[in-house]
>>> print(open('structure-v9.pdb').read())   # PDB, C-alpha atoms, pLDDT in the B column
ATOM      1  CA  MET A   1      15.544  -9.714  25.031  1.00 59.00           C
ATOM      2  CA  THR A   2      18.707 -10.794  23.221  1.00 71.00           C
ATOM      3  CA  TYR A   3      18.951 -12.110  19.684  1.00 65.00           C
ATOM      4  CA  GLU A   4      21.821 -13.988  18.134  1.00 76.00           C
ATOM      5  CA  LEU A   5      22.308 -13.456  14.411  1.00 70.00           C
ATOM      6  CA  SER A   6      24.649 -15.223  12.074  1.00 78.00           C
ATOM      7  CA  ASP A   7      26.895 -13.265   9.717  1.00 80.00           C
ATOM      8  CA  PHE A   8      24.574 -14.284   6.905  1.00 78.00           C
ATOM      9  CA  GLN A   9      21.546 -12.861   8.722  1.00 78.00           C
ATOM     10  CA  ILE A  10      23.330  -9.603   9.490  1.00 80.00           C
ATOM     11  CA  LEU A  11      24.377  -9.167   5.859  1.00 81.00           C
ATOM     12  CA  SER A  12      20.841  -9.911   4.677  1.00 79.00           C
ATOM     13  CA  LEU A  13      19.401  -7.347   7.081  1.00 78.00           C
ATOM     14  CA  MET A  14      21.938  -4.745   5.974  1.00 83.00           C
ATOM     15  CA  GLU A  15      21.125  -5.403   2.322  1.00 81.00           C
ATOM     16  CA  LYS A  16      17.381  -4.997   2.895  1.00 77.00           C
ATOM     17  CA  ALA A  17      17.911  -1.863   5.007  1.00 81.00           C
ATOM     18  CA  GLY A  18      19.907  -0.319   2.169  1.00 81.00           C
ATOM     19  CA  GLU A  19      17.239  -1.205  -0.379  1.00 79.00           C
ATOM     20  CA  THR A  20      14.552   0.294   1.832  1.00 77.00           C
ATOM     21  CA  ALA A  21      16.528   3.507   2.326  1.00 79.00           C
ATOM     22  CA  VAL A  22      17.077   3.936  -1.409  1.00 75.00           C
ATOM     23  CA  SER A  23      13.410   3.263  -2.101  1.00 74.00           C
ATOM     24  CA  LYS A  24      12.269   5.836   0.465  1.00 76.00           C
ATOM     25  CA  PHE A  25      14.712   8.401  -0.897  1.00 77.00           C
ATOM     26  CA  CYS A  26      13.422   7.883  -4.443  1.00 67.00           C
ATOM     27  CA  MET A  27       9.822   8.309  -3.278  1.00 68.00           C
ATOM     28  CA  LYS A  28      10.659  11.546  -1.461  1.00 75.00           C
ATOM     29  CA  GLN A  29      12.388  12.854  -4.581  1.00 69.00           C
ATOM     30  CA  GLY A  30       9.359  11.989  -6.710  1.00 69.00           C
ATOM     31  CA  ILE A  31      11.317   9.440  -8.744  1.00 61.00           C
ATOM     32  CA  THR A  32       8.994   6.585  -7.824  1.00 63.00           C
ATOM     33  CA  LYS A  33       5.385   6.396  -6.674  1.00 71.00           C
ATOM     34  CA  SER A  34       4.493   6.251  -2.998  1.00 80.00           C
ATOM     35  CA  GLN A  35       1.229   4.396  -3.675  1.00 87.00           C
ATOM     36  CA  PHE A  36       0.076   1.640  -5.997  1.00 89.00           C
ATOM     37  CA  SER A  37      -3.443   0.878  -7.060  1.00 91.00           C
ATOM     38  CA  GLN A  38      -4.639  -2.554  -6.028  1.00 94.00           C
ATOM     39  CA  ARG A  39      -4.160  -3.818  -9.589  1.00 94.00           C
ATOM     40  CA  ALA A  40      -0.583  -2.508  -9.704  1.00 92.00           C
ATOM     41  CA  ALA A  41       0.124  -3.964  -6.250  1.00 93.00           C
ATOM     42  CA  PHE A  42      -1.166  -7.366  -7.377  1.00 96.00           C
ATOM     43  CA  ASN A  43       1.008  -7.205 -10.507  1.00 94.00           C
ATOM     44  CA  GLN A  44       4.140  -6.095  -8.661  1.00 91.00           C
ATOM     45  CA  PHE A  45       3.911  -8.159  -5.459  1.00 93.00           C
ATOM     46  CA  GLY A  46       1.545 -11.009  -6.326  1.00 94.00           C
ATOM     47  CA  GLU A  47      -2.170 -11.064  -5.607  1.00 96.00           C
ATOM     48  CA  THR A  48      -1.879 -13.898  -3.093  1.00 95.00           C
ATOM     49  CA  ASN A  49       0.835 -12.070  -1.142  1.00 94.00           C
ATOM     50  CA  VAL A  50      -1.033  -8.751  -1.043  1.00 95.00           C
ATOM     51  CA  ARG A  51      -4.281 -10.399   0.054  1.00 96.00           C
ATOM     52  CA  ARG A  52      -2.463 -12.411   2.755  1.00 94.00           C
ATOM     53  CA  TRP A  53      -0.681  -9.298   4.071  1.00 95.00           C
ATOM     54  CA  LYS A  54      -3.990  -7.385   4.075  1.00 95.00           C
ATOM     55  CA  LEU A  55      -5.789 -10.132   6.017  1.00 96.00           C
ATOM     56  CA  ALA A  56      -2.923 -10.238   8.527  1.00 94.00           C
ATOM     57  CA  GLY A  57      -3.146  -6.455   8.980  1.00 94.00           C
ATOM     58  CA  LYS A  58       0.401  -5.969   7.689  1.00 92.00           C
ATOM     59  CA  VAL A  59      -0.655  -3.586   4.894  1.00 94.00           C
ATOM     60  CA  ASN A  60      -3.457  -1.062   5.185  1.00 93.00           C
ATOM     61  CA  PRO A  61      -5.189  -0.184   1.937  1.00 94.00           C
ATOM     62  CA  HIS A  62      -7.325   2.899   1.562  1.00 92.00           C
ATOM     63  CA  LYS A  63      -9.998   3.779  -0.944  1.00 93.00           C
ATOM     64  CA  LYS A  64     -10.007   7.006  -2.927  1.00 90.00           C
ATOM     65  CA  GLY A  65     -12.472   7.697  -5.714  1.00 91.00           C
ATOM     66  CA  GLY A  66     -13.521   4.060  -5.919  1.00 92.00           C
ATOM     67  CA  ILE A  67      -9.928   2.822  -6.308  1.00 92.00           C
ATOM     68  CA  ILE A  68      -8.076   0.892  -3.608  1.00 94.00           C
ATOM     69  CA  TYR A  69      -4.510   2.056  -2.971  1.00 93.00           C
ATOM     70  CA  TYR A  70      -1.611   0.546  -1.018  1.00 93.00           C
ATOM     71  CA  GLN A  71       1.479   2.274   0.344  1.00 90.00           C
ATOM     72  CA  VAL A  72       4.505   1.069  -1.610  1.00 88.00           C
ATOM     73  CA  SER A  73       6.667   1.238   1.521  1.00 85.00           C
ATOM     74  CA  GLU A  74       4.375  -1.228   3.333  1.00 88.00           C
ATOM     75  CA  LEU A  75       4.340  -3.619   0.378  1.00 91.00           C
ATOM     76  CA  GLU A  76       8.122  -3.474  -0.010  1.00 87.00           C
ATOM     77  CA  ALA A  77       8.636  -4.003   3.722  1.00 86.00           C
ATOM     78  CA  MET A  78       6.507  -7.144   3.611  1.00 89.00           C
ATOM     79  CA  ARG A  79       8.279  -8.418   0.495  1.00 89.00           C
ATOM     80  CA  ASN A  80      11.656  -7.806   2.156  1.00 83.00           C
ATOM     81  CA  LEU A  81      10.515  -9.598   5.304  1.00 83.00           C
ATOM     82  CA  ASN A  82       9.373 -12.587   3.255  1.00 83.00           C
ATOM     83  CA  GLU A  83      12.697 -12.681   1.379  1.00 81.00           C
ATOM     84  CA  LEU A  84      14.659 -12.543   4.629  1.00 77.00           C
ATOM     85  CA  GLN A  85      12.589 -15.353   6.095  1.00 77.00           C
ATOM     86  CA  GLU A  86      13.107 -17.477   2.983  1.00 78.00           C
ATOM     87  CA  LYS A  87      16.858 -16.837   2.995  1.00 73.00           C
ATOM     88  CA  HIS A  88      17.044 -17.682   6.683  1.00 68.00           C
ATOM     89  CA  PHE A  89      15.038 -20.890   6.206  1.00 69.00           C
ATOM     90  CA  ASN A  90      17.156 -21.951   3.217  1.00 68.00           C
ATOM     91  CA  HIS A  91      20.357 -21.110   5.090  1.00 64.00           C
ATOM     92  CA  LEU A  92      19.267 -23.248   8.054  1.00 64.00           C
ATOM     93  CA  ARG A  93      18.424 -26.160   5.757  1.00 66.00           C
ATOM     94  CA  GLN A  94      21.865 -25.955   4.131  1.00 70.00           C
ATOM     95  CA  GLU A  95      23.599 -26.031   7.534  1.00 66.00           C
ATOM     96  CA  LYS A  96      22.029 -29.399   8.398  1.00 61.00           C
TER      97      LYS A  96
END
>>> encode(input="structure-v9.pdb", output="structure tokens")
Amino acid sequence: MTYELSDFQILSLMEKAGETAVSKFCMKQGITKSQFSQRAAFNQFGETNVRRWKLAGKVNPHKKGGIIYYQVSELEAMRNLNELQEKHFNHLRQEK
């Protein structure tokens, strides 16, 4: 399968890849958390988004001590994917 990407799409992907790498590095160094409680996830990423991603099976919460937790890396990946899709859609609209 072959994909054709515009320069804009390639730059957007590179930007998101860099952000993801920095985020993962910070988590490994203990600078940032690797998990958010459900409440924190809702506050940071939007309740509607988190619930939609959960229903779609894109994020996998787990329960510990009566509290639901989400992996930050999964939430950030979904947010980045949404941003890339929005940028791509807006870019296509501007080309018309």
>>> residues_near_point(input="structure-v9.pdb", point="(-4.4, -6.3, -5.3)", cutoff="9 Å", atoms="all atoms listed in the file", output="PyMOL selection string")
chain A and resi 37-43+45-51+68-70
>>> atom_distance(input="structure-v9.pdb", atom1="atom CA of Met14 of chain A", atom2="atom CA of Gln44 of chain A")
23.1 Å
>>> residues_near_point(input="structure-v9.pdb", point="(4.6, -2.4, -2.8)", cutoff="7 Å", atoms="only C-alpha atoms", output="MDAnalysis selection string")
chainID A and resid 36 41 44:45 71:76
>>> resolve_selection(input="structure-v9.pdb", expression="the PyMOL selection byres ((chain A and resi 12) around 12)", output="count of residues only")
24
>>> atom_distance(input="structure-v9.pdb", atom1="atom CA of His62 of chain A", atom2="atom CA of Met78 of chain A")
17.2 Å
>>> atom_distance(input="structure-v9.pdb", atom1="atom CA of Lys24 of chain A", atom2="atom CA of Gly66 of chain A")
26.6 Å
>>> closest_residue(input="structure-v9.pdb", among="A:Gln94, A:Leu55, A:Ala77, A:Gly65", to="Ser23 of chain A", atoms="all atoms listed in the file")
A:Ala77
>>> decode(input="structure-v9.pdb", residues="segment 30-68 of chain A", atoms="N, CA and C atoms", output="PDB file, in the first residue's frame")
ATOM      1  N   GLY A  30      10.503  10.318  35.003  1.00  0.00           N
ATOM      2  CA  GLY A  30       9.715  10.629  36.185  1.00  0.00           C
ATOM      3  C   GLY A  30       9.331  12.093  36.286  1.00  0.00           C
ATOM      4  N   ILE A  31       9.497  12.831  35.192  1.00  0.00           N
ATOM      5  CA  ILE A  31       9.181  14.260  35.183  1.00  0.00           C
ATOM      6  C   ILE A  31       7.679  14.473  35.082  1.00  0.00           C
ATOM      7  N   THR A  32       7.012  13.611  34.345  1.00  0.00           N
ATOM      8  CA  THR A  32       5.561  13.691  34.200  1.00  0.00           C
ATOM      9  C   THR A  32       4.948  12.334  34.529  1.00  0.00           C
ATOM     10  N   LYS A  33       3.663  12.336  34.800  1.00  0.00           N
ATOM     11  CA  LYS A  33       2.949  11.112  35.153  1.00  0.00           C
ATOM     12  C   LYS A  33       2.728  10.240  33.925  1.00  0.00           C
ATOM     13  N   SER A  34       2.677   8.924  34.163  1.00  0.00           N
ATOM     14  CA  SER A  34       2.384   8.011  33.057  1.00  0.00           C
ATOM     15  C   SER A  34       0.904   7.666  33.016  1.00  0.00           C
ATOM     16  N   GLN A  35       0.177   7.973  34.110  1.00  0.00           N
ATOM     17  CA  GLN A  35      -1.253   7.703  34.163  1.00  0.00           C
ATOM     18  C   GLN A  35      -1.990   8.906  34.738  1.00  0.00           C
ATOM     19  N   PHE A  36      -3.228   9.064  34.272  1.00  0.00           N
ATOM     20  CA  PHE A  36      -4.127  10.075  34.818  1.00  0.00           C
ATOM     21  C   PHE A  36      -5.354   9.370  35.368  1.00  0.00           C
ATOM     22  N   SER A  37      -5.880   9.905  36.460  1.00  0.00           N
ATOM     23  CA  SER A  37      -7.183   9.434  36.905  1.00  0.00           C
ATOM     24  C   SER A  37      -8.211   9.859  35.860  1.00  0.00           C
ATOM     25  N   GLN A  38      -9.384   9.248  35.930  1.00  0.00           N
ATOM     26  CA  GLN A  38     -10.419   9.608  34.963  1.00  0.00           C
ATOM     27  C   GLN A  38     -10.743  11.094  35.046  1.00  0.00           C
ATOM     28  N   ARG A  39     -10.837  11.622  36.255  1.00  0.00           N
ATOM     29  CA  ARG A  39     -11.142  13.047  36.430  1.00  0.00           C
ATOM     30  C   ARG A  39     -10.066  13.920  35.779  1.00  0.00           C
ATOM     31  N   ALA A  40      -8.798  13.574  36.004  1.00  0.00           N
ATOM     32  CA  ALA A  40      -7.708  14.343  35.403  1.00  0.00           C
ATOM     33  C   ALA A  40      -7.723  14.207  33.879  1.00  0.00           C
ATOM     34  N   ALA A  41      -8.022  13.010  33.393  1.00  0.00           N
ATOM     35  CA  ALA A  41      -8.097  12.798  31.937  1.00  0.00           C
ATOM     36  C   ALA A  41      -9.201  13.651  31.329  1.00  0.00           C
ATOM     37  N   PHE A  42     -10.368  13.686  31.999  1.00  0.00           N
ATOM     38  CA  PHE A  42     -11.474  14.507  31.510  1.00  0.00           C
ATOM     39  C   PHE A  42     -11.076  15.975  31.479  1.00  0.00           C
ATOM     40  N   ASN A  43     -10.396  16.434  32.527  1.00  0.00           N
ATOM     41  CA  ASN A  43      -9.975  17.841  32.599  1.00  0.00           C
ATOM     42  C   ASN A  43      -8.949  18.184  31.526  1.00  0.00           C
ATOM     43  N   GLN A  44      -8.013  17.279  31.289  1.00  0.00           N
ATOM     44  CA  GLN A  44      -6.908  17.553  30.371  1.00  0.00           C
ATOM     45  C   GLN A  44      -7.295  17.374  28.904  1.00  0.00           C
ATOM     46  N   PHE A  45      -8.121  16.360  28.614  1.00  0.00           N
ATOM     47  CA  PHE A  45      -8.396  15.997  27.220  1.00  0.00           C
ATOM     48  C   PHE A  45      -9.849  16.185  26.812  1.00  0.00           C
ATOM     49  N   GLY A  46     -10.703  16.532  27.749  1.00  0.00           N
ATOM     50  CA  GLY A  46     -12.122  16.725  27.462  1.00  0.00           C
ATOM     51  C   GLY A  46     -12.903  15.443  27.691  1.00  0.00           C
ATOM     52  N   GLU A  47     -13.947  15.548  28.490  1.00  0.00           N
ATOM     53  CA  GLU A  47     -14.732  14.352  28.832  1.00  0.00           C
ATOM     54  C   GLU A  47     -15.302  13.682  27.592  1.00  0.00           C
ATOM     55  N   THR A  48     -15.844  14.475  26.675  1.00  0.00           N
ATOM     56  CA  THR A  48     -16.435  13.910  25.464  1.00  0.00           C
ATOM     57  C   THR A  48     -15.401  13.125  24.667  1.00  0.00           C
ATOM     58  N   ASN A  49     -14.204  13.697  24.517  1.00  0.00           N
ATOM     59  CA  ASN A  49     -13.145  13.012  23.766  1.00  0.00           C
ATOM     60  C   ASN A  49     -12.774  11.687  24.425  1.00  0.00           C
ATOM     61  N   VAL A  50     -12.522  11.716  25.731  1.00  0.00           N
ATOM     62  CA  VAL A  50     -12.086  10.513  26.439  1.00  0.00           C
ATOM     63  C   VAL A  50     -13.152   9.422  26.348  1.00  0.00           C
ATOM     64  N   ARG A  51     -14.406   9.803  26.547  1.00  0.00           N
ATOM     65  CA  ARG A  51     -15.485   8.808  26.456  1.00  0.00           C
ATOM     66  C   ARG A  51     -15.598   8.232  25.040  1.00  0.00           C
ATOM     67  N   ARG A  52     -15.449   9.085  24.033  1.00  0.00           N
ATOM     68  CA  ARG A  52     -15.525   8.626  22.633  1.00  0.00           C
ATOM     69  C   ARG A  52     -14.375   7.663  22.321  1.00  0.00           C
ATOM     70  N   TRP A  53     -13.162   8.011  22.756  1.00  0.00           N
ATOM     71  CA  TRP A  53     -12.002   7.154  22.529  1.00  0.00           C
ATOM     72  C   TRP A  53     -12.160   5.814  23.258  1.00  0.00           C
ATOM     73  N   LYS A  54     -12.728   5.860  24.465  1.00  0.00           N
ATOM     74  CA  LYS A  54     -12.956   4.630  25.235  1.00  0.00           C
ATOM     75  C   LYS A  54     -13.955   3.736  24.507  1.00  0.00           C
ATOM     76  N   LEU A  55     -15.070   4.304  24.072  1.00  0.00           N
ATOM     77  CA  LEU A  55     -16.086   3.522  23.358  1.00  0.00           C
ATOM     78  C   LEU A  55     -15.544   2.914  22.069  1.00  0.00           C
ATOM     79  N   ALA A  56     -14.636   3.638  21.407  1.00  0.00           N
ATOM     80  CA  ALA A  56     -14.042   3.154  20.162  1.00  0.00           C
ATOM     81  C   ALA A  56     -12.913   2.150  20.410  1.00  0.00           C
ATOM     82  N   GLY A  57     -12.564   1.936  21.684  1.00  0.00           N
ATOM     83  CA  GLY A  57     -11.485   1.011  22.015  1.00  0.00           C
ATOM     84  C   GLY A  57     -10.102   1.574  21.766  1.00  0.00           C
ATOM     85  N   LYS A  58     -10.005   2.889  21.633  1.00  0.00           N
ATOM     86  CA  LYS A  58      -8.711   3.531  21.347  1.00  0.00           C
ATOM     87  C   LYS A  58      -7.890   3.772  22.607  1.00  0.00           C
ATOM     88  N   VAL A  59      -8.554   3.898  23.758  1.00  0.00           N
ATOM     89  CA  VAL A  59      -7.878   3.999  25.048  1.00  0.00           C
ATOM     90  C   VAL A  59      -8.455   2.923  25.950  1.00  0.00           C
ATOM     91  N   ASN A  60      -7.622   2.369  26.803  1.00  0.00           N
ATOM     92  CA  ASN A  60      -8.029   1.243  27.635  1.00  0.00           C
ATOM     93  C   ASN A  60      -7.827   1.580  29.115  1.00  0.00           C
ATOM     94  N   PRO A  61      -8.879   2.049  29.763  1.00  0.00           N
ATOM     95  CA  PRO A  61      -8.762   2.381  31.170  1.00  0.00           C
ATOM     96  C   PRO A  61      -8.659   1.120  32.031  1.00  0.00           C
ATOM     97  N   HIS A  62      -8.083   1.299  33.216  1.00  0.00           N
ATOM     98  CA  HIS A  62      -8.079   0.203  34.169  1.00  0.00           C
ATOM     99  C   HIS A  62      -8.415   0.758  35.549  1.00  0.00           C
ATOM    100  N   LYS A  63      -8.960  -0.102  36.375  1.00  0.00           N
ATOM    101  CA  LYS A  63      -9.436   0.317  37.682  1.00  0.00           C
ATOM    102  C   LYS A  63      -8.478  -0.193  38.753  1.00  0.00           C
ATOM    103  N   LYS A  64      -8.128   0.702  39.671  1.00  0.00           N
ATOM    104  CA  LYS A  64      -7.232   0.333  40.763  1.00  0.00           C
ATOM    105  C   LYS A  64      -7.726   1.034  42.023  1.00  0.00           C
ATOM    106  N   GLY A  65      -8.117   0.261  43.010  1.00  0.00           N
ATOM    107  CA  GLY A  65      -8.591   0.844  44.258  1.00  0.00           C
ATOM    108  C   GLY A  65      -9.830   1.708  44.095  1.00  0.00           C
ATOM    109  N   GLY A  66     -10.702   1.347  43.177  1.00  0.00           N
ATOM    110  CA  GLY A  66     -11.925   2.099  42.962  1.00  0.00           C
ATOM    111  C   GLY A  66     -11.772   3.331  42.086  1.00  0.00           C
ATOM    112  N   ILE A  67     -10.562   3.585  41.594  1.00  0.00           N
ATOM    113  CA  ILE A  67     -10.308   4.747  40.734  1.00  0.00           C
ATOM    114  C   ILE A  67      -9.962   4.253  39.333  1.00  0.00           C
ATOM    115  N   ILE A  68     -10.538   4.896  38.337  1.00  0.00           N
ATOM    116  CA  ILE A  68     -10.265   4.547  36.940  1.00  0.00           C
ATOM    117  C   ILE A  68      -9.083   5.371  36.452  1.00  0.00           C
TER     118      ILE A  68
END
